[in-house]
Each structure stands twice: as structure tokens, then as C-alpha cells.
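Source file: query-v3.cif (mmCIF, C-alpha atoms)
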```
data_work
loop_
_atom_site.label_atom_id
_atom_site.label_comp_id
_atom_site.auth_asym_id
_atom_site.auth_seq_id
_atom_site.Cartn_x
_atom_site.Cartn_y
_atom_site.Cartn_z
CA MET H 1 44.40 29.10 30.45
CA GLY H 2 42.64 25.76 31.05
CA ARG H 3 39.25 26.88 29.76
CA PRO H 4 40.30 27.49 26.12
CA VAL H 5 41.91 24.04 26.03
CA ASP H 6 38.64 22.43 27.14
CA LEU H 7 36.67 24.33 24.50
CA ASP H 8 39.07 23.31 21.78
CA ARG H 9 38.92 19.70 22.90
CA ARG H 10 35.12 19.74 22.88
CA THR H 11 35.12 21.29 19.39
CA THR H 12 37.44 18.56 18.15
CA SER H 13 35.20 15.84 19.67
CA ALA H 14 32.08 17.34 18.12
CA ALA H 15 33.69 17.43 14.69
CA MET H 16 34.81 13.82 15.00
CA ALA H 17 31.33 12.73 16.17
CA THR H 18 29.65 14.28 13.11
CA GLY H 19 32.15 12.79 10.69
CA GLY H 20 33.81 16.13 9.90
CA SER H 21 37.11 17.75 10.68
CA THR H 22 38.36 20.34 13.12
CA THR H 23 38.39 23.05 10.46
CA GLY H 24 35.45 24.31 8.43
CA GLN H 25 31.86 23.10 8.44
CA ALA H 26 31.10 19.44 9.11
CA PRO H 27 30.13 17.57 5.92
CA GLY H 28 27.03 16.11 7.65
CA ARG H 29 25.63 19.52 8.58
CA TRP H 30 23.25 19.53 5.59
CA LEU H 31 21.39 16.57 7.10
CA ARG H 32 20.00 18.89 9.78
CA THR H 33 17.96 20.78 7.19
CA ALA H 34 17.47 18.09 4.46
CA ARG H 35 14.13 16.70 5.52
CA LEU H 36 10.71 16.18 3.99
CA PRO H 37 7.98 18.81 4.44
CA ARG H 38 5.96 18.57 7.65
CA GLN H 39 2.62 19.12 5.91
CA PRO H 40 1.35 15.63 4.94
CA PHE H 41 -0.13 16.64 1.58
CA LEU H 42 3.10 18.32 0.47
CA ARG H 43 5.22 15.45 1.78
CA HIS H 44 3.15 12.75 0.09
CA GLY H 45 2.86 14.82 -3.09
CA LEU H 46 6.63 15.19 -3.29
CA ILE H 47 7.18 11.48 -2.80
CA THR H 48 4.51 10.70 -5.42
CA LEU H 49 6.09 13.09 -7.93
CA VAL H 50 9.55 11.57 -7.50
CA ALA H 51 8.15 8.03 -7.72
CA GLY H 52 6.13 8.93 -10.81
CA VAL H 53 9.15 10.29 -12.64
CA ALA H 54 11.20 7.22 -11.71
CA LEU H 55 8.47 4.81 -12.86
CA PHE H 56 7.96 6.73 -16.11
CA LEU H 57 11.66 6.44 -16.92
CA LEU H 58 11.59 2.76 -15.97
CA THR H 59 8.63 1.87 -18.19
CA ASP H 60 10.12 3.86 -21.05
CA SER H 61 13.09 1.47 -21.07
CA LEU H 62 11.12 -1.81 -20.76
CA GLY H 63 9.61 -4.12 -23.34
CA PRO H 64 5.87 -4.72 -23.90
CA PHE H 65 5.64 -7.75 -21.59
CA ASN H 66 7.47 -5.98 -18.77
CA ASP H 67 5.21 -2.97 -19.25
CA PHE H 68 2.22 -5.27 -18.82
CA GLN H 69 3.75 -6.63 -15.61
CA MET H 70 4.27 -3.08 -14.33
CA ALA H 71 0.60 -2.40 -15.00
CA GLN H 72 -0.35 -5.50 -13.03
CA ILE H 73 1.84 -4.50 -10.08
CA ALA H 74 0.17 -1.08 -9.99
CA ILE H 75 -3.31 -2.61 -10.23
CA TYR H 76 -2.73 -5.04 -7.38
CA ALA H 77 -1.07 -2.27 -5.35
CA VAL H 78 -4.34 -0.32 -5.49
CA ALA H 79 -6.33 -3.30 -4.19
CA VAL H 80 -3.78 -4.10 -1.47
CA ALA H 81 -3.64 -0.44 -0.37
CA GLY H 82 -7.42 -0.35 0.02
CA LEU H 83 -7.43 -3.62 1.93
CA GLY H 84 -4.60 -2.33 4.11
CA LEU H 85 -6.64 0.74 5.00
CA LEU H 86 -9.60 -1.45 5.97
CA THR H 87 -7.63 -4.01 7.97
CA GLY H 88 -4.56 -2.15 9.15
CA TRP H 89 -6.18 1.18 9.99
CA ASN H 90 -9.73 0.12 10.89
CA GLY H 91 -9.28 -3.48 12.06
CA GLN H 92 -11.84 -5.14 9.74
CA ILE H 93 -10.69 -8.38 8.10
CA SER H 94 -12.04 -8.98 4.60
CA LEU H 95 -11.73 -12.14 2.52
CA GLY H 96 -14.00 -10.84 -0.22
CA HIS H 97 -12.03 -8.11 -1.94
CA GLY H 98 -11.65 -10.26 -5.03
CA ALA H 99 -15.44 -10.15 -5.38
CA LEU H 100 -15.43 -6.35 -5.02
CA MET H 101 -12.81 -6.19 -7.76
CA ALA H 102 -15.19 -8.24 -9.91
CA VAL H 103 -17.99 -5.72 -9.33
CA GLY H 104 -15.83 -2.90 -10.67
CA ALA H 105 -14.54 -5.00 -13.56
CA PHE H 106 -18.00 -6.06 -14.77
CA ALA H 107 -19.37 -2.50 -14.48
CA THR H 108 -16.53 -1.19 -16.62
CA ALA H 109 -16.93 -4.05 -19.10
CA GLU H 110 -20.63 -3.35 -19.59
CA LEU H 111 -19.94 0.29 -20.39
CA ASN H 112 -17.00 -0.59 -22.60
CA ILE H 113 -19.04 -3.01 -24.68
CA HIS H 114 -22.41 -1.28 -24.93
CA THR H 115 -21.50 2.43 -24.91
CA ASN H 116 -18.94 4.80 -26.36
CA VAL H 117 -18.23 6.82 -23.23
CA ALA H 118 -14.73 7.98 -22.44
CA LEU H 119 -12.23 5.68 -20.74
CA ALA H 120 -12.21 7.80 -17.59
CA LEU H 121 -15.98 7.43 -17.24
CA GLN H 122 -15.71 3.67 -17.69
CA ILE H 123 -13.19 3.48 -14.87
CA LEU H 124 -15.23 5.80 -12.64
CA ALA H 125 -18.30 3.62 -13.21
CA GLY H 126 -16.39 0.61 -11.89
CA VAL H 127 -15.28 2.60 -8.84
CA ALA H 128 -18.83 3.81 -8.17
CA ALA H 129 -20.34 0.33 -8.54
CA ALA H 130 -17.84 -1.15 -6.09
CA ALA H 131 -18.40 1.73 -3.66
CA VAL H 132 -22.16 1.07 -3.68
CA ALA H 133 -21.47 -2.60 -3.05
CA GLY H 134 -19.15 -1.51 -0.24
CA VAL H 135 -21.98 0.45 1.38
CA ILE H 136 -24.17 -2.67 1.44
CA VAL H 137 -21.42 -5.00 2.63
CA GLY H 138 -20.10 -2.40 5.08
CA MET H 139 -23.49 -2.02 6.76
CA ILE H 140 -23.52 -5.78 7.32
CA ALA H 141 -19.87 -5.85 8.35
CA ALA H 142 -20.46 -3.15 10.98
CA ARG H 143 -22.55 -5.68 12.91
CA LEU H 144 -19.95 -8.47 12.71
CA ARG H 145 -16.58 -8.96 14.35
CA GLY H 146 -13.53 -11.15 13.91
CA PRO H 147 -14.10 -14.55 12.30
CA TYR H 148 -17.78 -13.80 11.64
CA LEU H 149 -16.80 -10.84 9.47
CA ALA H 150 -14.16 -12.89 7.68
CA GLY H 151 -16.69 -15.66 7.06
CA ALA H 152 -19.30 -13.25 5.68
CA THR H 153 -16.84 -11.68 3.24
CA LEU H 154 -15.59 -15.13 2.26
CA ALA H 155 -19.18 -16.11 1.41
CA LEU H 156 -19.33 -13.03 -0.83
CA ALA H 157 -16.18 -14.15 -2.65
CA LEU H 158 -17.68 -17.61 -3.16
CA ALA H 159 -21.11 -16.46 -4.31
CA LEU H 160 -20.34 -13.61 -6.67
CA PRO H 161 -18.64 -15.64 -9.44
CA GLU H 162 -21.68 -17.93 -9.53
CA ILE H 163 -23.89 -14.93 -10.28
CA ALA H 164 -21.89 -14.31 -13.44
CA VAL H 165 -22.46 -17.93 -14.47
CA LYS H 166 -26.17 -17.83 -13.70
CA TYR H 167 -26.82 -14.64 -15.69
CA SER H 168 -24.63 -15.59 -18.61
CA THR H 169 -26.59 -13.58 -21.15
CA VAL H 170 -25.63 -10.35 -19.39
CA LEU H 171 -22.34 -11.21 -17.66
CA GLY H 172 -20.88 -13.63 -20.19
CA GLY H 173 -20.97 -16.85 -18.17
CA GLU H 174 -17.79 -18.92 -17.84
CA GLU H 175 -16.15 -17.27 -20.85
CA GLY H 176 -16.71 -13.79 -19.47
CA LEU H 177 -17.00 -10.53 -21.37
CA THR H 178 -14.49 -9.51 -24.02
CA LEU H 179 -13.77 -5.79 -23.94
CA ASN H 180 -13.15 -3.55 -26.90
CA PRO H 181 -9.42 -2.85 -27.29
CA LEU H 182 -8.15 0.46 -26.02
CA THR H 183 -6.72 3.10 -28.28
CA SER H 184 -3.37 4.63 -27.37
CA PRO H 185 -1.48 7.61 -28.75
CA ARG H 186 0.13 6.85 -32.08
CA SER H 187 3.70 6.86 -30.79
CA VAL H 188 3.00 4.84 -27.62
CA ASN H 189 2.73 1.07 -27.38
CA LEU H 190 -0.63 -0.14 -26.03
CA ASP H 191 0.96 -2.08 -23.14
CA ARG H 192 3.02 0.95 -22.17
CA TRP H 193 -0.05 3.18 -22.38
CA MET H 194 -1.94 0.84 -20.05
CA ALA H 195 1.05 0.75 -17.72
CA TRP H 196 1.10 4.54 -17.55
CA ILE H 197 -2.63 4.69 -16.80
CA SER H 198 -2.36 2.03 -14.09
CA LEU H 199 0.72 3.58 -12.51
CA LEU H 200 -0.88 7.03 -12.48
CA CYS H 201 -4.02 5.67 -10.80
CA ALA H 202 -1.96 3.69 -8.28
CA LEU H 203 0.22 6.67 -7.37
CA LEU H 204 -2.79 8.94 -6.91
CA VAL H 205 -4.63 6.35 -4.82
CA THR H 206 -1.70 5.66 -2.51
CA MET H 207 -1.12 9.41 -2.07
CA LEU H 208 -4.78 10.04 -1.24
CA LEU H 209 -4.92 7.10 1.16
CA ALA H 210 -1.75 8.28 2.89
CA ASN H 211 -3.32 11.73 3.34
CA LEU H 212 -6.56 10.15 4.54
CA ALA H 213 -4.67 8.11 7.12
CA THR H 214 -3.16 11.27 8.61
CA SER H 215 -6.45 13.19 8.63
CA ARG H 216 -9.20 13.18 11.26
CA PHE H 217 -10.82 10.27 9.41
CA GLY H 218 -7.63 8.26 9.77
CA ARG H 219 -7.50 9.06 13.48
CA ALA H 220 -11.11 7.92 13.77
CA PHE H 221 -10.25 4.69 11.95
CA ARG H 222 -7.43 3.97 14.39
CA ALA H 223 -9.52 4.88 17.40
CA VAL H 224 -12.26 2.44 16.37
CA ARG H 225 -9.66 -0.23 15.66
CA ASP H 226 -8.01 0.14 19.05
CA ASP H 227 -11.10 0.38 21.25
CA GLU H 228 -14.65 0.79 20.00
CA ILE H 229 -16.05 1.69 23.42
CA ALA H 230 -13.46 4.39 24.02
CA ALA H 231 -14.00 5.73 20.50
CA SER H 232 -17.75 5.88 21.09
CA LEU H 233 -17.23 7.74 24.38
CA ALA H 234 -15.01 10.20 22.50
CA GLY H 235 -17.93 11.06 20.20
CA ILE H 236 -17.02 8.89 17.20
CA ASN H 237 -19.86 7.11 15.43
CA VAL H 238 -18.36 3.61 15.30
CA ALA H 239 -20.75 2.09 12.76
CA ARG H 240 -20.50 5.06 10.40
CA THR H 241 -16.70 5.00 10.62
CA GLN H 242 -16.58 1.29 9.81
CA VAL H 243 -18.92 1.70 6.85
CA LEU H 244 -16.83 4.61 5.56
CA ALA H 245 -13.66 2.52 5.77
CA PHE H 246 -15.37 -0.30 3.87
CA VAL H 247 -16.62 2.09 1.18
CA VAL H 248 -13.17 3.58 0.60
CA SER H 249 -11.59 0.14 0.51
CA SER H 250 -14.27 -1.16 -1.85
CA ALA H 251 -13.77 1.80 -4.18
CA CYS H 252 -10.06 0.94 -4.36
CA ALA H 253 -10.93 -2.68 -5.13
CA GLY H 254 -13.35 -1.54 -7.85
CA LEU H 255 -10.67 0.64 -9.42
CA ALA H 256 -8.25 -2.28 -9.39
CA GLY H 257 -10.81 -4.60 -10.97
CA SER H 258 -11.67 -2.04 -13.64
CA LEU H 259 -8.02 -1.53 -14.58
CA LEU H 260 -7.38 -5.28 -14.55
CA GLY H 261 -10.24 -5.92 -16.97
CA LEU H 262 -9.00 -3.20 -19.31
CA ALA H 263 -5.43 -4.51 -19.16
CA VAL H 264 -6.34 -8.15 -19.78
CA GLY H 265 -9.17 -7.46 -22.22
CA ASN H 266 -11.52 -10.00 -20.65
CA VAL H 267 -13.66 -10.05 -17.51
CA GLY H 268 -14.82 -13.45 -16.30
CA PRO H 269 -15.55 -15.24 -13.02
CA GLN H 270 -12.33 -17.27 -13.27
CA SER H 271 -10.30 -14.08 -12.79
CA PHE H 272 -11.88 -13.27 -9.42
CA GLU H 273 -11.99 -16.54 -7.54
CA VAL H 274 -11.48 -17.02 -3.80
CA ALA H 275 -7.76 -17.54 -4.34
CA LEU H 276 -7.46 -13.89 -5.40
CA SER H 277 -9.02 -12.64 -2.15
CA ILE H 278 -6.72 -14.84 -0.07
CA SER H 279 -3.71 -13.74 -2.11
CA LEU H 280 -4.59 -10.07 -1.56
CA LEU H 281 -4.74 -10.61 2.19
CA ALA H 282 -1.42 -12.47 2.17
CA ALA H 283 0.20 -9.76 0.03
CA MET H 284 -1.01 -7.11 2.46
CA VAL H 285 0.58 -8.89 5.42
CA ILE H 286 3.81 -9.57 3.53
CA GLY H 287 4.20 -5.97 2.37
CA GLY H 288 3.13 -4.39 5.64
CA THR H 289 -0.39 -3.95 6.95
CA GLY H 290 -1.63 -0.45 6.25
CA GLY H 291 1.58 0.78 4.60
CA MET H 292 1.52 2.42 1.18
CA LEU H 293 5.01 1.18 0.26
CA GLY H 294 3.92 -2.23 1.53
CA ALA H 295 1.03 -2.16 -0.95
CA TRP H 296 3.50 -1.85 -3.84
CA ILE H 297 5.61 -4.66 -2.36
CA GLY H 298 2.49 -6.79 -2.08
CA GLY H 299 1.59 -6.05 -5.70
CA PHE H 300 5.08 -7.13 -6.74
CA PHE H 301 4.63 -10.47 -4.97
CA LEU H 302 1.19 -10.99 -6.49
CA VAL H 303 2.63 -10.65 -9.99
CA TYR H 304 5.87 -12.56 -9.65
CA VAL H 305 5.06 -15.38 -7.19
CA PRO H 306 2.84 -17.22 -9.75
CA GLN H 307 5.65 -16.92 -12.31
CA TRP H 308 8.22 -18.26 -9.87
CA SER H 309 5.96 -21.15 -8.87
CA SER H 310 5.31 -21.95 -12.53
CA SER H 311 9.05 -22.01 -13.25
CA VAL H 312 9.68 -24.29 -10.27
CA SER H 313 6.87 -26.68 -11.23
CA HIS H 314 8.13 -26.91 -14.82
CA SER H 315 11.69 -27.58 -13.69
CA LEU H 316 10.48 -30.29 -11.29
CA HIS H 317 7.96 -31.71 -13.82
CA LEU H 318 5.05 -31.42 -11.39
CA SER H 319 1.46 -32.14 -12.34
CA THR H 320 -1.02 -29.45 -13.35
CA ALA H 321 -2.98 -29.83 -10.11
CA VAL H 322 0.15 -29.25 -8.03
CA GLU H 323 1.21 -26.34 -10.21
CA SER H 324 -2.12 -24.56 -9.74
CA ASN H 325 -1.76 -24.64 -5.94
CA LEU H 326 1.98 -24.12 -5.71
CA SER H 327 1.69 -20.32 -5.75
CA LEU H 328 -0.53 -20.41 -2.64
CA ALA H 329 2.06 -22.61 -0.96
CA PHE H 330 4.72 -20.05 -1.86
CA TYR H 331 2.60 -17.33 -0.34
CA GLY H 332 2.33 -19.39 2.84
CA VAL H 333 6.08 -19.96 3.07
CA VAL H 334 6.91 -16.30 2.41
CA LEU H 335 4.22 -15.24 4.88
CA MET H 336 5.67 -17.39 7.67
CA VAL H 337 9.20 -16.16 6.99
CA VAL H 338 8.09 -12.51 6.99
CA ILE H 339 6.09 -12.93 10.21
CA ILE H 340 9.14 -14.45 11.93
CA VAL H 341 11.78 -12.06 10.55
CA ALA H 342 9.72 -8.85 10.24
CA PRO H 343 6.39 -9.07 12.13
CA SER H 344 5.30 -5.67 10.77
CA GLY H 345 5.90 -6.72 7.14
CA ILE H 346 8.65 -5.94 4.68
CA GLN H 347 7.95 -2.21 4.86
CA GLY H 348 8.26 -2.31 8.63
CA GLY H 349 11.50 -4.26 8.34
CA ILE H 350 12.92 -1.70 5.88
CA GLU H 351 11.97 1.18 8.17
CA ALA H 352 13.47 -0.55 11.21
CA ALA H 353 16.70 -1.24 9.32
CA ALA H 354 16.86 2.38 8.11
CA ARG H 355 16.32 3.69 11.64
CA LEU H 356 19.03 1.41 12.99
CA ALA H 357 21.44 2.49 10.25
CA GLY H 358 20.60 6.13 10.95
CA ARG H 359 21.29 5.74 14.66
CA LEU H 360 24.57 3.97 14.02
CA ALA H 361 25.72 6.57 11.51
CA PHE H 362 24.25 9.83 12.82
CA GLY H 363 22.73 9.20 16.21
CA ARG H 364 19.17 9.75 14.90
CA PRO H 365 17.40 8.25 11.87
CA PRO H 366 17.55 10.73 8.94
CA LEU H 367 14.63 11.44 6.59
CA LEU H 368 12.35 8.89 8.28
CA ALA H 369 10.98 11.16 11.01
CA PRO H 370 9.96 14.45 9.37
CA ALA H 371 8.50 15.70 12.64
CA GLU H 372 11.95 15.80 14.23
CA SER H 373 13.48 19.23 14.56
CA ASP H 374 16.95 17.89 13.69
CA LEU H 375 17.84 14.87 11.62
CA VAL H 376 21.14 14.41 13.42
CA SER H 377 21.02 14.44 17.20
CA PRO H 378 23.75 16.29 19.04
CA SER H 379 26.67 14.25 20.19
CA PRO H 380 27.04 13.76 23.94
CA ALA H 381 30.38 15.53 23.65
CA THR H 382 28.66 18.74 22.53
CA ASP H 383 25.94 18.69 25.18
CA THR H 384 26.49 20.95 28.17
CA PRO H 385 25.14 19.21 31.27
CA ARG H 386 22.89 21.32 33.43
CA PRO H 387 24.06 21.61 37.05
CA ILE H 388 21.87 19.99 39.68
CA ARG H 389 20.63 22.60 42.08
CA ASN H 390 20.59 21.96 45.79
CA PRO H 391 17.32 23.22 47.36
CA LYS H 392 19.25 24.17 50.50
CA GLU H 393 21.23 26.73 48.53
CA ASP H 394 18.03 28.71 47.89
CA THR H 395 17.37 29.20 51.59
#
```

Conversion result in C-alpha cells:
Amino acid sequence: MGRPVDLDRRTTSAAMATGGSTTGQAPGRWLRTARLPRQPFLRHGLITLVAGVALFLLTDSLGPFNDFQMAQIAIYAVAVAGLGLLTGWNGQISLGHGALMAVGAFATAELNIHTNVALALQILAGVAAAAVAGVIVGMIAARLRGPYLAGATLALALALPEIAVKYSTVLGGEEGLTLNPLTSPRSVNLDRWMAWISLLCALLVTMLLANLATSRFGRAFRAVRDDEIAASLAGINVARTQVLAFVVSSACAGLAGSLLGLAVGNVGPQSFEVALSISLLAAMVIGGTGGMLGAWIGGFFLVYVPQWSSSVSHSLHLSTAVESNLSLAFYGVVLMVVIIVAPSGIQGGIEAAARLAGRLAFGRPPLLAPAESDLVSPSPATDTPRPIRNPKEDT
């Protein structure tokens, strides 16, 4: 008679542990099967589709200026995602991604002004030009490490704007190149049309980079980042892997520069100064190094921090010189706070908080570990302990 009582007691404890009742199915049972697909392409594609629908509905309810800001966030997210792949996944520090954005922007501007090719070809030309520049810079970067690599890319960011000034007849000089205005569908505002193009490109890029990070190329990137000697002994061509990472990152920067030139309508050296490269690196660290969600968070900071600093400087009646450098000071303050509070960036902090909330509520973090067989771990009350066998009993 005692055994049925124990079973009933254990059933009651299990129901209470899962948040259900003693009768019927526990309400949290659906969490065991509600998880993202295991296949990375399907998982990332599903997330991209949901995010695309949400962003489309959001832009459809915003005004022209907010649509332009959404386009800027998407553009900077592309550049930060590429830089995150280079630094977070491959371990190469670059302070010259603003210059690579300029390469893509000027290539697109030249086609926009002097030819009548389609918009997609103009954007692809900017991506291709930046990728070629990435091959050249990547071959040099493969021979450099640490501060030497950062210094070389910083020299690129300093030198490239001067080239536009020197060859002013081709590249427009200080005033830059003014692009022909885009044409949008009749019923769509031009700013909203540009926002949709930028958001579509950003979503596709982040999805492709997320798939690349989980592929054999991503594993090679991480292996080279962690230990070049061990990676070489494992059969990985270290130099080729580093160049490939730089080319992919440069192509992302070229796409961002191309979209930025089309959105603003002007491409000049003042838009791609050293401050942009430093801001991209800071945004990458703030959002989360190598994270795709962190790239969007970094793009958000790149768009809104200058506005916040401008509002603060106007309210405090600061000088123009102080106002121009206040945004960099804001980046520094936010960067220090994020490093102290969330060393892995805002994305890492969000994931850690979600895992902690999942453990407190369910015993295992739901929806954040798709490789898990169950999203809710069994309660200790439902586990049947295995008896410890005495070896002497076998003899």
C-alpha cells in the first residue's frame, strides 16, 4: 500500500515543479518541443524572416526622418557585423574599416554618376571594389599581429581621405561627389524605400555571416584566432584563412559604404574620417564582439549617440569644438560601463540574463540552446536515482 502513495506524491511534486497541477497536462509541457530548428540555415532564416516582417511593419508606421534613421542603423549594422567577424571570429583588429567603406561608396558613386546601370549593379560594384581592397590589405595584415596590424589599418584610414582630395577631378575633392537621386515606387516615400533596401541588405548579410560562422570556414576562423600554430598543425592554411576573413569583412564594409552614399546622396572624404573607424570598433565592443544581434545594437548606438551628444551640448551651451568630440567621449563612457557590467557586450549580457531567467523559471534556459534535447530539464523530484552497485555482490 505504501508504493502507490509514493508514486502519487512524486507525481504531485513533478506537477508543482513544472508550474502545473496534479490533474491534466502541465501548462509548461509545450516548452519541451517549442524550439528553433537545429539546422543553422533554417534557424537563421526563420529568425531573419520574423525580424524582416517586424521591421517592415515598424518602418511602415514611421515618418520620413525615422525611416532615414532606420536605414542608417541597418547600414552601420552591416559594417559592424563584418568587423565583428574579422575581430571576434578571426582575432584581427582593424582601425581602417571606415576607409574600406569609402572605397565602396566612391565606386558606387562613380557608377551612379557616369552610367545608367541598375541600382543592384551599383551596390555590387561597391562590394566588389571593397573586396579587392580587402585582398590587398588582408595580404599585408596576414604578416602583422596585434598593435602592428592596428597601426597599419589606422594608417589606411588616415591616408585614404587624402587621396580623394588629391584627385579632386575624379573623386570630387573636399566637397565630394553628389549622386543622382534614387527613384522609388510611386506609392512609397523615398526615405522609406531606402530604409527597406538597407534593412533587406542588413538582414541578408547578418544571416549569411551567422551561417558562415557555423560552417567549416567559421571553425577555421576560430581555430586561427585561438592558436595559429595548432591550427597550422591541423591542416589549416593560416594566411589564407586570415585573408579570407579580411575579404569578407571588407565586402561588408563596402556594402555599408555604398548604401550610406546612396542614402545621404553625397560621398566625400569628410564622411569617412578616422573617427568613423574608431566608432565602428567601439560599437562592435558595445554590442558584442562577433554577435549578429550585437551588430544591430552597435548600429543603434552609432546613429543615436551623436544625436544625444548634440542635445547635451546644446542644453549646456558648449562650444562647437567640444560638441564635435563629445560623441567620442560618450562612446568611451558607454564602452567602460559595458566592459564592467557585461564584458561580452550587450548581446552577451542579454543572453546571460535570459539563461539565468530560464534556469530560475524552468531549470534550463528555453529557446537559447537549440541543441538541447529538452528546453525544460526534469525536476529532481521526477528523477529516479540509479542504485550504486557493490562490486562484491557480483562475485

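Rounded to one decimal, CA of Pro161 (chain H) and CA of Ile75 (chain H) lie 20.1 Å from each other.
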
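Closest approach to Val243 (chain H) from the set H:Ala118, H:Ser61, H:Ala107, H:Leu144 is made by H:Leu144, with distances taken over all atoms listed in the file.
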
Nearby residues, (7.0, -11.6, -9.4) file frame, 12 Å, only C-alpha atoms, as a list in words: Asn66, Gln69, Met70, Gln72, Ile73, Tyr76, Ala283, Trp296, Ile297, Gly298, Gly299, Phe300, Phe301, Leu302, Val303, Tyr304, Val305, Pro306, Gln307, Trp308, Ser309, Ser310, Ser311, Ser327, Phe330 and Tyr331 of chain H

Expected selection from the PyMOL selection byres ((chain H and resi 93) around 8), given as a VMD selection string: chain H and resid 86 to 87 91 to 92 94 to 95 146 149 to 150

Test item: residues at most 12 Å from Ala231 (chain H), only C-alpha atoms, excluding those fewer than 5 positions along its chain, as an MDAnalysis selection string: chainID H and resid 90 219:226 236:239 241:242

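If you look at CA of Thr48 (chain H) and CA of Cys252 (chain H), they are 17.6 Å away from each other.
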
Hits from the PyMOL selection byres ((chain H and resi 113) around 9), listed as a ChimeraX atom specification: /H:108-112,114-116,177-180

Top pick for closest residue to Ala130 (chain H), considering H:Gln347, H:Ser271, H:Asn325, H:Ser250 and counting only C-alpha atoms: H:Ser250

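We find CA of Leu260 (chain H) and CA of Leu46 (chain H) to be spaced 27.2 Å apart.
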
Counting all atoms listed in the file, the option among H:Val188, H:Val274, H:Ala256, H:Ala213 closest to Ala159 (chain H): H:Val274

Protein, DNA and RNA residues within 7 Å of (-13.1, -8.6, -14.3), only C-alpha atoms, as number ranges by chain: H: 101-102, 105-106, 257-258, 260-261, 266-268, 271-272

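Of the listed residues H:Gln39, H:Gln270, H:Ser344, H:Ser313, the one whose atoms come nearest to Glu175 (chain H) is H:Gln270, with distances taken using only C-alpha atoms.
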
Exercise: Ala295 (chain H) partners within 9 Å, only C-alpha atoms, chain neighbours under 3 positions left out, as a ChimeraX atom specification: /H:76-82,84,206,283-284,287-292,298-300

Produce a file of the selected residues containing C-alpha atoms, as an mmCIF file, in the frame of the given file.
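Heads up, here's the output in part38.cif:
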```cif
data_model
loop_
_atom_site.group_PDB
_atom_site.id
_atom_site.type_symbol
_atom_site.label_atom_id
_atom_site.label_comp_id
_atom_site.auth_asym_id
_atom_site.auth_seq_id
_atom_site.Cartn_x
_atom_site.Cartn_y
_atom_site.Cartn_z
ATOM 1 C CA TYR H 76 -2.730 -5.040 -7.380
ATOM 2 C CA ALA H 77 -1.070 -2.270 -5.350
ATOM 3 C CA VAL H 78 -4.340 -0.320 -5.490
ATOM 4 C CA ALA H 79 -6.330 -3.300 -4.190
ATOM 5 C CA VAL H 80 -3.780 -4.100 -1.470
ATOM 6 C CA ALA H 81 -3.640 -0.440 -0.370
ATOM 7 C CA GLY H 82 -7.420 -0.350 0.020
ATOM 8 C CA GLY H 84 -4.600 -2.330 4.110
ATOM 9 C CA THR H 206 -1.700 5.660 -2.510
ATOM 10 C CA ALA H 283 0.200 -9.760 0.030
ATOM 11 C CA MET H 284 -1.010 -7.110 2.460
ATOM 12 C CA GLY H 287 4.200 -5.970 2.370
ATOM 13 C CA GLY H 288 3.130 -4.390 5.640
ATOM 14 C CA THR H 289 -0.390 -3.950 6.950
ATOM 15 C CA GLY H 290 -1.630 -0.450 6.250
ATOM 16 C CA GLY H 291 1.580 0.780 4.600
ATOM 17 C CA MET H 292 1.520 2.420 1.180
ATOM 18 C CA GLY H 298 2.490 -6.790 -2.080
ATOM 19 C CA GLY H 299 1.590 -6.050 -5.700
ATOM 20 C CA PHE H 300 5.080 -7.130 -6.740
#
```

Minimum-distance residue to Glu228 (chain H), chosen among H:Val247, H:Leu208, H:Ile163, H:Ala142 (using all atoms listed in the file): H:Ala142

Answer key for the PyMOL selection byres ((chain H and resi 349) around 12), residues as a ChimeraX atom specification: /H:286-289,291,293-294,338-348,350-356

May I have the residues from that selection written out with C-alpha atoms, as a PDB file, in the frame of the given file?
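Output saved as part.pdb:
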```pdb
ATOM      1  CA  ILE H 286       3.810  -9.570   3.530  1.00  0.00           C
ATOM      2  CA  GLY H 287       4.200  -5.970   2.370  1.00  0.00           C
ATOM      3  CA  GLY H 288       3.130  -4.390   5.640  1.00  0.00           C
ATOM      4  CA  THR H 289      -0.390  -3.950   6.950  1.00  0.00           C
ATOM      5  CA  GLY H 291       1.580   0.780   4.600  1.00  0.00           C
ATOM      6  CA  LEU H 293       5.010   1.180   0.260  1.00  0.00           C
ATOM      7  CA  GLY H 294       3.920  -2.230   1.530  1.00  0.00           C
ATOM      8  CA  VAL H 338       8.090 -12.510   6.990  1.00  0.00           C
ATOM      9  CA  ILE H 339       6.090 -12.930  10.210  1.00  0.00           C
ATOM     10  CA  ILE H 340       9.140 -14.450  11.930  1.00  0.00           C
ATOM     11  CA  VAL H 341      11.780 -12.060  10.550  1.00  0.00           C
ATOM     12  CA  ALA H 342       9.720  -8.850  10.240  1.00  0.00           C
ATOM     13  CA  PRO H 343       6.390  -9.070  12.130  1.00  0.00           C
ATOM     14  CA  SER H 344       5.300  -5.670  10.770  1.00  0.00           C
ATOM     15  CA  GLY H 345       5.900  -6.720   7.140  1.00  0.00           C
ATOM     16  CA  ILE H 346       8.650  -5.940   4.680  1.00  0.00           C
ATOM     17  CA  GLN H 347       7.950  -2.210   4.860  1.00  0.00           C
ATOM     18  CA  GLY H 348       8.260  -2.310   8.630  1.00  0.00           C
ATOM     19  CA  ILE H 350      12.920  -1.700   5.880  1.00  0.00           C
ATOM     20  CA  GLU H 351      11.970   1.180   8.170  1.00  0.00           C
ATOM     21  CA  ALA H 352      13.470  -0.550  11.210  1.00  0.00           C
ATOM     22  CA  ALA H 353      16.700  -1.240   9.320  1.00  0.00           C
ATOM     23  CA  ALA H 354      16.860   2.380   8.110  1.00  0.00           C
ATOM     24  CA  ARG H 355      16.320   3.690  11.640  1.00  0.00           C
ATOM     25  CA  LEU H 356      19.030   1.410  12.990  1.00  0.00           C
TER      26      LEU H 356
END
```

Residue among H:Leu156, H:Ala71, H:Leu281, H:Leu360 lying closest to Ser198 (chain H), counting all atoms listed in the file: H:Ala71

Taking all atoms of region 69-79 of chain H that the file lists, what box with edges along x, y and z, padded by 8 Å per side, do you get, with centre and edge lengths in Å to one decimal, as JSON?
```
{"center_x": -1.0, "center_y": -3.5, "center_z": -9.9, "size_x": 26.6, "size_y": 22.3, "size_z": 27.4}
```
